[in-house]
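For reference, structure02.tsv (TSV, C-alpha atoms):
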```tsv
chain	number	residue	atom	x	y	z
A	1	MET	CA	236.83	40.15	39.08
A	2	ALA	CA	234.09	37.53	38.68
A	3	ASN	CA	234.76	33.87	39.37
A	4	GLN	CA	236.01	31.82	36.42
A	5	PHE	CA	234.93	28.19	36.02
A	6	GLN	CA	235.59	25.34	33.62
A	7	SER	CA	233.14	22.74	32.27
A	8	GLY	CA	232.88	19.94	34.81
A	9	ASP	CA	233.67	22.12	37.85
A	10	ARG	CA	231.55	21.36	40.92
A	11	VAL	CA	229.80	24.44	42.32
A	12	GLU	CA	227.24	25.46	44.91
A	13	TRP	CA	224.84	28.41	45.09
A	14	GLN	CA	222.07	29.74	47.28
A	15	ALA	CA	218.57	28.78	46.14
A	16	GLY	CA	215.28	29.65	47.78
A	17	THR	CA	215.46	26.44	49.80
A	18	GLY	CA	219.11	26.69	50.88
A	19	THR	CA	222.41	25.65	49.32
A	20	THR	CA	222.23	23.70	46.06
A	21	THR	CA	225.04	21.93	44.21
A	22	GLY	CA	225.67	21.12	40.59
A	23	LYS	CA	228.16	20.79	37.75
A	24	ILE	CA	229.19	23.49	35.27
A	25	GLN	CA	228.08	22.54	31.76
A	26	LYS	CA	229.49	25.54	29.90
A	27	LYS	CA	229.96	29.30	29.85
A	28	VAL	CA	227.65	31.34	27.59
A	29	THR	CA	228.27	34.87	26.36
A	30	LYS	CA	225.06	35.43	24.38
A	31	SER	CA	221.37	34.92	25.09
A	32	THR	CA	220.65	31.20	25.12
A	33	GLU	CA	217.44	29.22	25.59
A	34	VAL	CA	217.61	26.41	28.15
A	35	ASN	CA	214.59	24.32	29.20
A	36	GLY	CA	212.23	26.89	27.72
A	37	GLN	CA	213.84	29.80	29.59
A	38	THR	CA	216.05	32.48	28.10
A	39	VAL	CA	219.39	32.92	29.85
A	40	ASP	CA	220.41	36.54	29.28
A	41	ALA	CA	224.15	36.63	28.77
A	42	SER	CA	226.71	38.77	26.94
A	43	GLU	CA	230.48	39.13	26.63
A	44	ASP	CA	230.38	41.71	29.46
A	45	SER	CA	227.92	39.70	31.54
A	46	PRO	CA	228.50	35.96	30.97
A	47	ARG	CA	226.49	33.17	32.58
A	48	TYR	CA	227.36	29.61	33.45
A	49	LEU	CA	224.95	26.80	32.63
A	50	VAL	CA	224.84	24.50	35.64
A	51	LYS	CA	223.17	21.08	35.97
A	52	ASN	CA	221.47	20.78	39.36
A	53	ASP	CA	222.54	17.60	41.24
A	54	ASN	CA	219.06	17.10	42.70
A	55	THR	CA	216.71	17.88	39.84
A	56	GLY	CA	218.95	17.42	36.79
A	57	THR	CA	217.68	20.77	35.50
A	58	VAL	CA	220.14	23.05	33.71
A	59	THR	CA	219.89	26.75	34.62
A	60	GLY	CA	221.97	29.87	34.01
A	61	HIS	CA	223.84	31.60	36.84
A	62	ARG	CA	225.96	34.71	37.26
A	63	PRO	CA	229.58	33.79	38.04
A	64	GLU	CA	229.51	35.77	41.31
A	65	ALA	CA	226.59	33.63	42.57
A	66	LEU	CA	228.60	30.41	42.24
A	67	HIS	CA	231.25	28.99	44.56
A	68	GLN	CA	233.53	26.16	43.53
A	69	ILE	CA	233.55	23.06	45.73
A	70	SER	CA	235.43	19.79	45.63
A	71	SER	CA	233.76	16.57	44.52
A	72	SER	CA	233.93	15.22	48.08
A	73	GLU	CA	232.11	18.30	49.42
A	74	SER	CA	229.46	17.86	46.74
A	75	ALA	CA	229.03	14.17	47.59
A	76	SER	CA	228.59	14.92	51.27
A	77	LYS	CA	226.05	17.62	50.48
A	78	THR	CA	224.02	15.41	48.13
A	79	SER	CA	224.08	12.44	50.51
A	80	GLY	CA	223.21	14.44	53.63
A	81	ASN	CA	219.67	14.71	54.95
A	82	THR	CA	219.52	18.47	54.57
A	83	ASP	CA	220.09	18.30	50.84
A	84	SER	CA	217.44	15.64	50.30
A	85	ASP	CA	215.13	17.88	52.32
A	86	ASP	CA	216.07	20.72	49.96
A	87	SER	CA	215.33	18.49	46.97
A	88	GLN	CA	211.95	17.58	48.45
A	89	SER	CA	211.25	21.26	49.11
A	90	ASP	CA	212.22	22.11	45.52
A	91	ARG	CA	209.84	19.47	44.19
A	92	GLU	CA	207.03	20.63	46.47
A	93	ALA	CA	207.53	24.22	45.28
A	94	ILE	CA	207.56	23.12	41.61
A	95	LEU	CA	204.40	21.05	42.09
A	96	LYS	CA	202.60	23.85	43.95
A	97	ASP	CA	203.48	26.33	41.19
A	98	PHE	CA	202.43	23.80	38.52
A	99	LYS	CA	199.02	23.26	40.15
A	100	ALA	CA	198.48	27.03	40.29
A	101	ALA	CA	199.69	27.70	36.73
A	102	VAL	CA	197.94	24.79	34.99
A	103	ASN	CA	194.27	25.66	35.38
A	104	MET	CA	192.87	23.17	32.86
A	105	THR	CA	191.86	19.64	33.86
A	106	ALA	CA	193.39	16.63	32.12
A	107	LYS	CA	190.14	16.11	30.17
A	108	GLU	CA	189.85	19.80	29.17
A	109	LEU	CA	193.44	19.81	27.94
A	110	GLN	CA	193.09	16.46	26.18
A	111	ASP	CA	189.97	17.69	24.35
A	112	TRP	CA	191.65	21.01	23.49
A	113	LEU	CA	194.70	19.28	21.98
A	114	LYS	CA	192.41	17.54	19.44
A	115	THR	CA	191.21	20.87	17.99
A	116	ASP	CA	192.51	22.57	14.84
A	117	GLU	CA	193.12	25.73	16.88
A	118	SER	CA	195.49	23.85	19.18
A	119	LYS	CA	197.39	22.38	16.24
A	120	SER	CA	197.58	25.76	14.45
A	121	VAL	CA	199.95	27.48	16.90
A	122	GLY	CA	203.48	27.03	18.16
A	123	GLN	CA	206.92	26.34	16.82
A	124	ASP	CA	207.25	23.07	14.89
A	125	ASP	CA	209.66	20.70	16.64
A	126	GLY	CA	210.84	19.41	13.25
A	127	ASP	CA	208.46	16.46	13.12
A	128	GLY	CA	205.24	18.25	12.20
A	129	GLU	CA	204.14	18.80	15.81
A	130	ALA	CA	204.64	22.00	17.79
A	131	LYS	CA	206.62	21.98	21.05
A	132	GLY	CA	203.61	23.30	22.95
A	133	HIS	CA	201.36	20.57	21.56
A	134	LYS	CA	203.85	17.89	22.68
A	135	SER	CA	204.11	19.58	26.05
A	136	GLY	CA	200.33	19.48	26.39
A	137	LYS	CA	200.31	15.70	25.90
A	138	ARG	CA	202.96	15.36	28.59
A	139	ILE	CA	200.98	17.62	30.94
A	140	VAL	CA	197.89	15.41	30.48
A	141	LYS	CA	199.93	12.38	31.59
A	142	ILE	CA	201.30	14.26	34.60
A	143	LEU	CA	197.82	15.44	35.60
A	144	LYS	CA	196.52	11.87	35.47
A	145	GLN	CA	199.37	10.50	37.63
A	146	SER	CA	199.45	10.16	41.36
A	147	GLN	CA	201.90	12.62	42.93
A	148	ASN	CA	203.96	9.65	44.17
A	149	ASP	CA	204.45	8.50	40.57
A	150	HIS	CA	206.08	11.73	39.37
A	151	SER	CA	209.62	11.14	38.08
A	152	SER	CA	212.53	13.58	38.03
A	153	ASP	CA	211.77	14.13	34.33
A	154	ASP	CA	208.17	14.97	35.26
A	155	TYR	CA	209.38	17.59	37.74
A	156	ASP	CA	211.75	19.00	35.10
A	157	HIS	CA	208.83	19.27	32.69
A	158	MET	CA	206.59	20.88	35.33
A	159	ASN	CA	209.33	23.44	35.95
A	160	LYS	CA	209.52	24.13	32.21
A	161	VAL	CA	205.72	24.50	32.07
A	162	ASN	CA	205.75	26.91	35.03
A	163	SER	CA	208.41	29.05	33.35
A	164	TYR	CA	206.60	29.11	30.01
A	165	ILE	CA	203.24	30.05	31.52
A	166	HIS	CA	204.70	32.81	33.73
A	167	ARG	CA	206.74	34.25	30.86
A	168	HIS	CA	203.94	34.01	28.28
A	169	THR	CA	201.20	35.46	30.51
A	170	ALA	CA	203.43	38.49	31.09
A	171	GLN	CA	203.33	39.13	27.31
A	172	LYS	CA	199.53	39.52	27.11
A	173	PRO	CA	198.56	41.34	23.93
A	174	SER	CA	196.06	44.19	23.89
A	175	GLY	CA	192.57	43.70	22.57
A	176	ASN	CA	190.34	40.64	22.50
A	177	ILE	CA	192.34	37.55	23.44
A	178	GLU	CA	189.58	34.92	23.14
A	179	ASP	CA	190.56	33.77	19.64
A	180	SER	CA	194.21	34.85	19.79
A	181	ASN	CA	197.23	32.69	19.06
A	182	TRP	CA	198.57	33.93	22.42
A	183	ARG	CA	195.68	32.26	24.26
A	184	TYR	CA	195.85	29.13	22.10
A	185	SER	CA	199.57	28.74	22.85
A	186	LEU	CA	198.98	29.08	26.57
A	187	MET	CA	196.17	26.53	26.43
A	188	ASN	CA	198.55	24.04	24.79
A	189	TRP	CA	200.62	24.42	27.98
A	190	GLY	CA	197.57	23.83	30.19
A	191	HIS	CA	196.67	27.42	31.07
A	192	ASP	CA	193.50	29.12	29.82
A	193	PRO	CA	193.84	32.85	30.58
A	194	LEU	CA	190.05	33.27	30.35
A	195	LYS	CA	189.36	30.83	33.21
```
Structure translated into structure tokens:
Amino acid sequence: MANQFQSGDRVEWQAGTGTTTGKIQKKVTKSTEVNGQTVDASEDSPRYLVKNDNTGTVTGHRPEALHQISSSESASKTSGNTDSDDSQSDREAILKDFKAAVNMTAKELQDWLKTDESKSVGQDDGDGEAKGHKSGKRIVKILKQSQNDHSSDDYDHMNKVNSYIHRHTAQKPSGNIEDSNWRYSLMNWGHDPLK
């Protein structure tokens, strides 16, 4: 039987850079969107949403991938050198992926966001501006910053951008994409598939 957790439980799991710790936010039993990513879950295959101690990012995990730990274990892991090394490695991986995925310069993206085509696509965030358009403005700021000035929120946004671009490029429509909403949406997120 799969592990059962409660909201607030401290857990650890294996990530690409080693062991990572976090706190259970909640259990989900249906597909849920978190940070721009879809967490596939069902009654038969639930997922736990976990907030990463290092990055603050919430991601979905299978119960069998998680192991409960005590708060003191978590504190020792987050204060130890190896975990800060893991956090640094995570950030380096996110930044490397971001630089590869975002192929538009700050100026190109800034100019693109002023166009009618840019404003014509995406899901309205409830205030008259699409999520992708807002994301584009944030990406411009990140691209203009020195790497040393990136905050945890910046890394969270870069991770979201990476996920969106990878997921969206995999859904390439057939036919001419030059004037497609698919391309326009990707360009709002800093990626021009024709470059």
Leaving out Ile165 in chain A and any residue of its chain fewer than 3 positions from it, which residues lie within 7 Å of it when counting all atoms listed in the file, given as a compact mmCIF listing (two decimals) with C-alpha atoms, in the frame of the given file?
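File produced: out_2.txt:
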```txt
# COMPACT_ATOMS: atom_id res chain seq x y z
CA ALA A 101 199.69 27.70 36.73
CA VAL A 161 205.72 24.50 32.07
CA ASN A 162 205.75 26.91 35.03
CA HIS A 168 203.94 34.01 28.28
CA THR A 169 201.20 35.46 30.51
CA LEU A 186 198.98 29.08 26.57
```
Nearest candidate to Val121 in chain A (options A:Asn35, A:Ser89, A:Asn181, A:Thr20; using only C-alpha atoms):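 Result for the nearest residue to Val121 in chain A: A:Asn181.
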At a cut-off of 6 Å, can you tabulate as a tab-separated table every residue of range 25-139 of chain A near range 8-16 of chain A together with its closest atom pair and the distance in Å to one decimal, using all atoms listed in the file and ordering rows by chain then number?
```
residue	atom	partner	partner_atom	distance
A:Leu66	CA	A:Trp13	CA	5.1
A:His67	CA	A:Val11	CA	5.3
A:Gln68	CA	A:Val11	CA	4.3
A:Ile69	CA	A:Val11	CA	5.3
```
My list of candidates is A:Ser163, A:Ser180, A:Thr55, A:Ser135. Which is closest to Val34 in chain A when distances are computed with only C-alpha atoms? A:Ser163
Test item: residues at most 9 Å from Pro193 in chain A, all atoms listed in the file, excluding those fewer than 6 positions along its chain, as a ChimeraX atom specification: /A:103,169,177-178,183,186-187
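Closest approach to Ala100 in chain A among A:Leu113, A:Ile24, A:Met158, A:Ala41 is made by A:Met158 (distances from only C-alpha atoms).
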Have a look at CA of Lys160 in chain A and CA of Gly132 in chain A and let me know their distance in Å, one decimal. 11.0 Å
Separation of CA of Lys114 in chain A and CA of Asn188 in chain A, in Å?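 Computed distance, CA of Lys114 in chain A to CA of Asn188 in chain A, equals 10.4 Å.
Ranking A:Val50, A:Asp44, A:Lys137, A:His191 by their shortest atom-to-atom distance to His157 in chain A, with only C-alpha atoms included, puts A:Lys137 first.
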From the list A:Glu33, A:Gly136, A:Gln25, A:Tyr48, which residue is nearest Trp112 in chain A when using all atoms listed in the file?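 That would be A:Gly136, the residue with the smallest distance to Trp112 in chain A.
Between CA of Leu194 in chain A and CA of Glu117 in chain A the interatomic distance comes to 15.7 Å.
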Residue with smallest distance to Phe5 in chain A - pool A:Asp53, A:Asp192, A:Glu92, A:Glu64, counting only C-alpha atoms: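 Checking each candidate against Phe5 in chain A, we get A:Glu64 as the closest.
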